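*Asks:* Take a look at the following structure, please.
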Amino acid sequence: MLCLINEGVDTIFGYPGGAIMPVYDALMNYTDRLRHILTRHEQGAIHAAQGYARVTGKVGVCMATSGPGATNLITGIADAQIDSTPVVCITGQVSAGLLGTDAFQETDVIGISMPVTKWNFLITKPEEIPAILAQAFYIAKTGRPGPVLIDIAKNAQFGMLDFEYRKCIKMRSYAPEPRLSLDNLKAAAALINSAKKPFILAGQGIILGNAEEEFRTFVEKSGIPVAWTLLGACALPRQHPLNVGMLGMHGNYSTNIKTNECDVLLAVGMRFDDRVTGDVKRYAKQAKIIHLEIDKAEINKVVHADIPLHGDVKDLLPVLTKLVDRRTHESWLKEFKEFDKIEEEIVIRHDLHPVKPGLTMGEVIHIINEKTGGDAIAVTDVGQHQMIASRYFNFSINRSFVTSGGLGTMGFGLPAAHGAKIGAPDKQVILFVGDGGLQMTIQELGTINQTQAAVKIVLMNNKYLGMVRQWQQLFYDRRYSETYLLNPDFIKVGEGFGIKGKKVLERPELDAAIQEMLDFNGPYLLEVSIEKEDNVFPMVPTGASVSEVILEPKK
Amino acid sequence: MNQGKLNNETGLCEGGKQTFTISAFSENHIGLLTRITIIFTRRQVNIDSLTVSGSAIPGIHKFTIVVYECREKVEQVVAQIEKLVEVLRAFYHTEDEVIHQEIALYKVLTKSIIEGNKVEEIIRKHHARVLEVKPEYTVIELTGHKDETQALFNELFDYGLLQFTRSGRIAVTRSSKEVFTNYMKDAGKNSVEYA
């Protein structure tokens, strides 16, 4: 406990059990400095720790017992690994003498978690605890952040030691702060200065590196249009004149088309996920690529970098800003606007201002934008609502988007929103969730009721696993295999958990209901009945090139 | 240098696979072997041989891993190995960039050596060494490349081979630059430092 306090931890999400009981017993002596939030499932604890980490920039901490407690964390750990979220998981383990004997609730969690952690360690002696926890926090938050799991055998939890805590400052096998190559920076600047159609792709690296300011300064001096990956949303405010929109499968029309027309592509803290690139063989082949990235293994992994800039974007960007000329790219920017007009006409207008009777996800988000003025944190689950939220939510403050990107974990939303609200109690935290995903971790309504964290839950209910249904409609001849859900009465379920709520069926009720939700002092569940066959467009179909982005279903 | 490019769709290697020797230097910690091998497993890369032992530097272990693979895949694997927190450095080399050896032990019936002089002739021809002679068996050792130890195996096979075993490869680079040794000069003696 003292180790955690020394690392500046104030919140732990967890669930007790046999093999972690000594730690929980010690916790009682520190409740003045450590707040423990008892979730209803260990998956709820890890996702909450992720949500907390994403909005605060601090390391999220969660705790679970051995065996099933530890295995229930795995989905969240995998999610944190692929989305580079700093979390430290502490799990109980059977006593060292019982390891390998199939003791009660013994699981090889070190073995199970190895492929999905940045680092893990089994502590078997009490004197190892301070040094290993110091390493755990150092590894989780430095370099490219990620999840660390520390398994503590029960005998080590009981043992006594002379306590002295010293933070870890260096490991010789681990270099989280790469040396910058000035030659490469100069070459990159020369390329940018000579470019006619330069294009910036902003990734989560900017947010993880706390480099939003440095990025904005660079963008404004170089005058280059910026598109962002799903996790790079809010790297630059939505309303910024150089922000041209989202990339990828459900990104904007212009950004996908222009990827294959630009002459210099500047990728900042992103990893060229397949949902961003579409067919890699036909991805930005005409462009020279500059890749700013802290993780060396990401450079040349998917897309060849003509100029690799290995380093922390927070260090790289100021140097680059000095080296580049102050420019504007008026006519190039205008090209984006022309495509935006087409998208506005065919897609956006119908999403945000529908005239058909059925409610759309887009109009819900549009009203929330108008009422919050963007001063809010959006959390999502996974699916259609996630894409719609990322497309239309008015990101205007730092760290205002929490979503499961790489792993696409349904059930992430509710616990992550809870963790986000705990981490940012003064901000309006709004969860967008589907009827499918909500039911995967719906038990966390109980946790929310216990903490009374004022999470505003917007349930977009279309009675289907919407994204799968959309693919079935478009690519599987409308054969809706196992995507219809016979749902419970969510408002009654919420009531049972002590959460106030309201259901909206018709457009005229929507505005007032949203206002009521936002004004309510406490957690609130707003269920909106959404048109069943509402689809997310534009779309880059799997295997297609980004230039083949479609705006509507083929007729 | 179009050799060894991966096709994203089929996963096939364009331009052909070749043998690579991967060497990785790491802290001597429990579980690191698994962390390294799962990098291969996940990418469906088969390991031909693997040798782990203490290196010239106390506390640092050396992994020598041989694979027959596409260059691009090997680059990815090595990048992922080097990314592991407890790995100091990782390298890969083609066949002409390393001097390598394997060791093989052959246990044959002593009777087969005594009866006739064929086995003695084989041992002499291959420059093999006799390690132990007992009335029932004799143990022979040969160091060399895999094809050399295999050639001796093939010849002894007909004379009643009781046991055979071959080690993984060990290798040193042909380069005149000692990249890792120099790296270690800056890396420091302590694996972890605290405030």
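Letters A, B, ... go to the chains of the structure tokens in the order shown; residues in each chain start at 1; ligands are counted from 1 in the same order.
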Give me the residues within 10 Å of A:Lys427 as a list in words, counting only C-alpha atoms and dropping any in the same chain fewer than 5 places off.

*Replies:* Asp375, Ala376, Ile377, Ser400, Ala420, Lys421, Ile422, Ala454 and Val455 of chain A

*Asks:* Select, as a list in words, those residues of chain B with any atom no more than 7 Å from chain A (distances computed using only C-alpha atoms).

*Replies:* Arg35, Gln76, Ala79, Gln80, Lys83, Val85, Glu86, Val87, Leu88, Ala187, Gly188, Ser191, Val192, Glu193, Tyr194 and Ala195 of chain B

*Asks:* Name the residues in contact with stretch 73-83 of chain A at a cut-off of 8 Å, using only C-alpha atoms, excluding same-chain residues fewer than 3 positions from it; report them as a VMD selection string.

*Replies:* chain A and resid 42 to 43 45 to 47 50 64 69 to 70 86 to 87 113 116 to 118 146 to 147 404 to 409

*Asks:* Using only C-alpha atoms, which protein or nucleic acid residues come within 12 Å of A:Asp151? Drop anything in the same chain fewer than 4 positions from it, and give the result as an mmCIF file with N, CA and C atoms, in the first residue's frame.

*Replies:*
data_model
loop_
_atom_site.group_PDB
_atom_site.id
_atom_site.type_symbol
_atom_site.label_atom_id
_atom_site.label_comp_id
_atom_site.auth_asym_id
_atom_site.auth_seq_id
_atom_site.Cartn_x
_atom_site.Cartn_y
_atom_site.Cartn_z
ATOM 1 N N ALA A 19 -6.708 -15.168 -2.292
ATOM 2 C CA ALA A 19 -5.264 -15.023 -2.408
ATOM 3 C C ALA A 19 -4.780 -13.580 -2.330
ATOM 4 N N ILE A 20 -5.713 -12.610 -2.250
ATOM 5 C CA ILE A 20 -5.280 -11.210 -2.170
ATOM 6 C C ILE A 20 -5.732 -10.597 -0.837
ATOM 7 N N CYS A 62 -5.460 -1.613 -10.847
ATOM 8 C CA CYS A 62 -6.539 -2.495 -10.462
ATOM 9 C C CYS A 62 -5.991 -3.720 -9.753
ATOM 10 N N MET A 63 -6.863 -4.346 -9.004
ATOM 11 C CA MET A 63 -6.450 -5.430 -8.131
ATOM 12 C C MET A 63 -7.465 -6.571 -8.221
ATOM 13 N N ALA A 64 -6.960 -7.800 -8.205
ATOM 14 C CA ALA A 64 -7.865 -8.946 -8.255
ATOM 15 C C ALA A 64 -7.196 -10.112 -7.555
ATOM 16 N N THR A 65 -7.979 -11.109 -7.276
ATOM 17 C CA THR A 65 -7.425 -12.283 -6.628
ATOM 18 C C THR A 65 -6.845 -13.248 -7.674
ATOM 19 N N SER A 66 -6.363 -14.372 -7.221
ATOM 20 C CA SER A 66 -5.756 -15.357 -8.122
ATOM 21 C C SER A 66 -6.829 -16.041 -8.973
ATOM 22 N N GLY A 67 -6.420 -16.962 -9.813
ATOM 23 C CA GLY A 67 -7.346 -17.808 -10.570
ATOM 24 C C GLY A 67 -8.334 -17.011 -11.386
ATOM 25 N N GLY A 69 -10.191 -14.529 -10.719
ATOM 26 C CA GLY A 69 -10.059 -13.080 -10.564
ATOM 27 C C GLY A 69 -9.067 -12.544 -11.566
ATOM 28 N N ALA A 70 -7.942 -13.207 -11.659
ATOM 29 C CA ALA A 70 -6.888 -12.768 -12.569
ATOM 30 C C ALA A 70 -7.275 -13.002 -14.032
ATOM 31 N N THR A 71 -7.876 -14.153 -14.331
ATOM 32 C CA THR A 71 -8.217 -14.405 -15.745
ATOM 33 C C THR A 71 -9.287 -13.439 -16.229
ATOM 34 N N VAL A 88 -1.379 -0.746 -14.077
ATOM 35 C CA VAL A 88 -0.682 -1.753 -13.278
ATOM 36 C C VAL A 88 -1.757 -2.622 -12.627
ATOM 37 N N CYS A 89 -1.677 -3.928 -12.888
ATOM 38 C CA CYS A 89 -2.627 -4.865 -12.300
ATOM 39 C C CYS A 89 -1.900 -5.647 -11.220
ATOM 40 N N ILE A 90 -2.490 -5.692 -10.058
ATOM 41 C CA ILE A 90 -1.907 -6.474 -8.970
ATOM 42 C C ILE A 90 -2.839 -7.650 -8.714
ATOM 43 N N THR A 91 -2.296 -8.856 -8.848
ATOM 44 C CA THR A 91 -3.121 -10.029 -8.615
ATOM 45 C C THR A 91 -2.530 -10.840 -7.471
ATOM 46 N N GLY A 92 -3.413 -11.468 -6.725
ATOM 47 C CA GLY A 92 -2.961 -12.380 -5.682
ATOM 48 C C GLY A 92 -2.578 -13.706 -6.313
ATOM 49 N N GLN A 93 -1.699 -14.435 -5.661
ATOM 50 C CA GLN A 93 -1.327 -15.762 -6.158
ATOM 51 C C GLN A 93 -1.225 -16.673 -4.937
ATOM 52 N N VAL A 94 -1.362 -17.975 -5.155
ATOM 53 C CA VAL A 94 -1.230 -18.913 -4.035
ATOM 54 C C VAL A 94 0.186 -18.799 -3.464
ATOM 55 N N SER A 95 0.393 -19.290 -2.268
ATOM 56 C CA SER A 95 1.705 -19.202 -1.632
ATOM 57 C C SER A 95 2.771 -19.873 -2.490
ATOM 58 N N ALA A 96 3.998 -19.349 -2.421
ATOM 59 C CA ALA A 96 5.085 -19.830 -3.281
ATOM 60 C C ALA A 96 5.241 -21.350 -3.210
ATOM 61 N N LEU A 99 2.874 -23.242 -5.621
ATOM 62 C CA LEU A 99 2.917 -22.983 -7.068
ATOM 63 C C LEU A 99 3.138 -24.284 -7.833
ATOM 64 N N GLU A 106 -5.490 -21.569 -8.197
ATOM 65 C CA GLU A 106 -4.181 -21.296 -8.784
ATOM 66 C C GLU A 106 -4.314 -21.298 -10.306
ATOM 67 N N THR A 107 -3.855 -20.238 -10.949
ATOM 68 C CA THR A 107 -3.746 -20.193 -12.406
ATOM 69 C C THR A 107 -2.406 -19.567 -12.731
ATOM 70 N N ASP A 108 -1.805 -20.029 -13.797
ATOM 71 C CA ASP A 108 -0.535 -19.445 -14.231
ATOM 72 C C ASP A 108 -0.829 -18.125 -14.938
ATOM 73 N N VAL A 109 -1.112 -17.108 -14.164
ATOM 74 C CA VAL A 109 -1.522 -15.830 -14.767
ATOM 75 C C VAL A 109 -0.334 -15.122 -15.414
ATOM 76 N N ILE A 110 0.868 -15.426 -14.947
ATOM 77 C CA ILE A 110 2.056 -14.868 -15.606
ATOM 78 C C ILE A 110 2.117 -15.425 -17.037
ATOM 79 N N GLY A 111 1.928 -16.726 -17.154
ATOM 80 C CA GLY A 111 1.942 -17.358 -18.478
ATOM 81 C C GLY A 111 0.816 -16.856 -19.363
ATOM 82 N N ILE A 112 -0.382 -16.761 -18.783
ATOM 83 C CA ILE A 112 -1.546 -16.342 -19.572
ATOM 84 C C ILE A 112 -1.413 -14.893 -20.035
ATOM 85 N N SER A 113 -0.856 -14.055 -19.179
ATOM 86 C CA SER A 113 -0.852 -12.623 -19.510
ATOM 87 C C SER A 113 0.378 -12.214 -20.320
ATOM 88 N N MET A 114 1.336 -13.124 -20.473
ATOM 89 C CA MET A 114 2.582 -12.759 -21.136
ATOM 90 C C MET A 114 2.397 -12.121 -22.523
ATOM 91 N N TRP A 119 4.994 -5.990 -19.511
ATOM 92 C CA TRP A 119 5.904 -6.664 -18.583
ATOM 93 C C TRP A 119 5.064 -7.335 -17.504
ATOM 94 N N ASN A 120 5.545 -8.424 -16.952
ATOM 95 C CA ASN A 120 4.879 -8.992 -15.778
ATOM 96 C C ASN A 120 5.906 -9.660 -14.884
ATOM 97 N N PHE A 121 5.509 -9.924 -13.643
ATOM 98 C CA PHE A 121 6.474 -10.458 -12.673
ATOM 99 C C PHE A 121 5.724 -11.172 -11.559
ATOM 100 N N LEU A 122 6.279 -12.281 -11.125
ATOM 101 C CA LEU A 122 5.720 -13.003 -9.981
ATOM 102 C C LEU A 122 6.601 -12.754 -8.760
ATOM 103 N N ILE A 123 6.026 -12.130 -7.751
ATOM 104 C CA ILE A 123 6.765 -11.848 -6.510
ATOM 105 C C ILE A 123 6.538 -13.000 -5.535
ATOM 106 N N THR A 124 7.633 -13.581 -5.057
ATOM 107 C CA THR A 124 7.499 -14.687 -4.105
ATOM 108 C C THR A 124 8.098 -14.353 -2.739
ATOM 109 N N LYS A 125 8.808 -13.223 -2.671
ATOM 110 C CA LYS A 125 9.409 -12.837 -1.382
ATOM 111 C C LYS A 125 8.978 -11.417 -1.027
ATOM 112 N N GLU A 128 10.902 -8.277 -2.187
ATOM 113 C CA GLU A 128 10.915 -7.877 -3.602
ATOM 114 C C GLU A 128 9.867 -6.800 -3.905
ATOM 115 N N ILE A 129 8.865 -6.698 -3.038
ATOM 116 C CA ILE A 129 7.684 -5.885 -3.371
ATOM 117 C C ILE A 129 8.018 -4.433 -3.753
ATOM 118 N N ILE A 132 10.027 -4.158 -7.199
ATOM 119 C CA ILE A 132 9.283 -4.628 -8.376
ATOM 120 C C ILE A 132 8.126 -3.679 -8.692
ATOM 121 N N LEU A 133 7.435 -3.192 -7.654
ATOM 122 C CA LEU A 133 6.346 -2.246 -7.932
ATOM 123 C C LEU A 133 6.906 -0.952 -8.528
ATOM 124 N N ALA A 136 7.393 -1.667 -12.025
ATOM 125 C CA ALA A 136 6.093 -1.809 -12.690
ATOM 126 C C ALA A 136 5.557 -0.451 -13.138
ATOM 127 N N ASN A 155 2.306 -15.742 0.456
ATOM 128 C CA ASN A 155 3.323 -15.698 1.519
ATOM 129 C C ASN A 155 4.081 -14.366 1.503
ATOM 130 N N ALA A 156 4.272 -13.811 0.296
ATOM 131 C CA ALA A 156 4.966 -12.521 0.192
ATOM 132 C C ALA A 156 4.089 -11.391 0.729
ATOM 133 N N GLN A 157 2.765 -11.573 0.646
ATOM 134 C CA GLN A 157 1.852 -10.543 1.162
ATOM 135 C C GLN A 157 1.859 -10.508 2.683
#

*Asks:* With only C-alpha atoms as the basis for distance, which of B:Ile30, B:Cys13, B:Ile103, B:Ile47 is at the shortest distance from B:Cys70?

*Replies:*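 Counting only C-alpha atoms, the residue closest to B:Cys70 is B:Cys13.
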
*Asks:* Which residues, written as a PDB file with C-alpha atoms, in the first residue's frame, have at least one atom at most 10 Å from A:Leu486, with only C-alpha atoms counted and residues fewer than 3 positions away on the same chain left out?

*Replies:*
ATOM      1  CA  ASP A 435     -27.818  -2.366 -26.416  1.00  0.00           C
ATOM      2  CA  LYS A 463     -32.395  -3.925 -30.887  1.00  0.00           C
ATOM      3  CA  TYR A 464     -29.567  -5.331 -32.971  1.00  0.00           C
ATOM      4  CA  THR A 483     -27.847 -10.289 -34.518  1.00  0.00           C
ATOM      5  CA  ASP A 489     -36.554  -3.211 -20.119  1.00  0.00           C
TER       6      ASP A 489
END

*Asks:* For stretch 57-65 of chain B, find every residue with an atom within 7 Å (counting only C-alpha atoms), except residues of its own chain fewer than 3 positions away, and show them as a ChimeraX atom specification.

*Replies:* /B:21-28,47,49-54,169-170

*Asks:* Keeping only C-alpha atoms, write the selected residues as a tab-separated table (two decimals), in the first residue's frame.

*Replies:*
chain	number	residue	atom	x	y	z
B	21	THR	CA	20.78	-16.54	-37.16
B	22	ILE	CA	19.08	-14.32	-34.60
B	23	SER	CA	21.01	-13.37	-31.49
B	24	ALA	CA	19.46	-11.63	-28.53
B	25	PHE	CA	21.11	-10.46	-25.31
B	26	SER	CA	18.97	-10.25	-22.22
B	27	GLU	CA	18.86	-10.06	-18.47
B	28	ASN	CA	18.84	-13.50	-16.86
B	47	ILE	CA	12.41	-22.25	-34.83
B	49	SER	CA	17.30	-24.41	-33.30
B	50	LEU	CA	17.60	-22.41	-30.10
B	51	THR	CA	20.50	-22.13	-27.69
B	52	VAL	CA	20.54	-20.10	-24.48
B	53	SER	CA	23.53	-19.62	-22.26
B	54	GLY	CA	25.42	-17.08	-20.22
B	169	ARG	CA	23.72	-23.54	-33.19
B	170	ILE	CA	26.16	-21.15	-31.56

*Asks:* Record the distance separating atom CA of A:Ala189 and atom CA of A:Phe395, expressed in Å with one decimal.

*Replies:*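 Atom-to-atom, atom CA of A:Ala189 to atom CA of A:Phe395, that is 29.1 Å.
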
*Asks:* Can you pull out every residue from stretch 321-459 of chain A that DSSP, working from the backbone, puts in alpha helix (DSSP H), and format the result as a PyMOL selection string?

*Replies:* chain A and resi 321-323+330-343+349-352+361-372+384-392+413-423+435-438+444-451

*Asks:* For stretch 35-38 of chain A, list every protein, DNA or RNA residue within 7 Å, evaluated using only C-alpha atoms, and leave out those in the same chain fewer than 5 positions away; present the list as a PDB file with C-alpha atoms, in the first residue's frame.

*Replies:*
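The result, stored in around34.pdb:
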ATOM      1  CA  ASP A  10      -5.054   7.578  -5.040  1.00  0.00           C
ATOM      2  CA  THR A  11      -7.590   5.244  -6.631  1.00  0.00           C
ATOM      3  CA  ILE A  12      -7.674   1.465  -7.020  1.00  0.00           C
ATOM      4  CA  PHE A  13     -10.356  -0.481  -8.854  1.00  0.00           C
ATOM      5  CA  GLY A  14     -10.618  -4.029  -7.644  1.00  0.00           C
ATOM      6  CA  TYR A  15     -12.329  -7.108  -6.345  1.00  0.00           C
ATOM      7  CA  THR A 447     -20.732  -0.057  -8.956  1.00  0.00           C
TER       8      THR A 447
END

*Asks:* Quick one: of A:Ala235, A:Val546, A:Val61, A:Ala48, who's nearest to A:Met1, counting only C-alpha atoms?

*Replies:*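 With only C-alpha atoms as the atom set, the closest residue is A:Val61.
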
*Asks:* Just give me the gap between atom CA of A:Phe401 and atom CA of A:Val379 in Å, one decimal is fine.

*Replies:* 5.8 Å
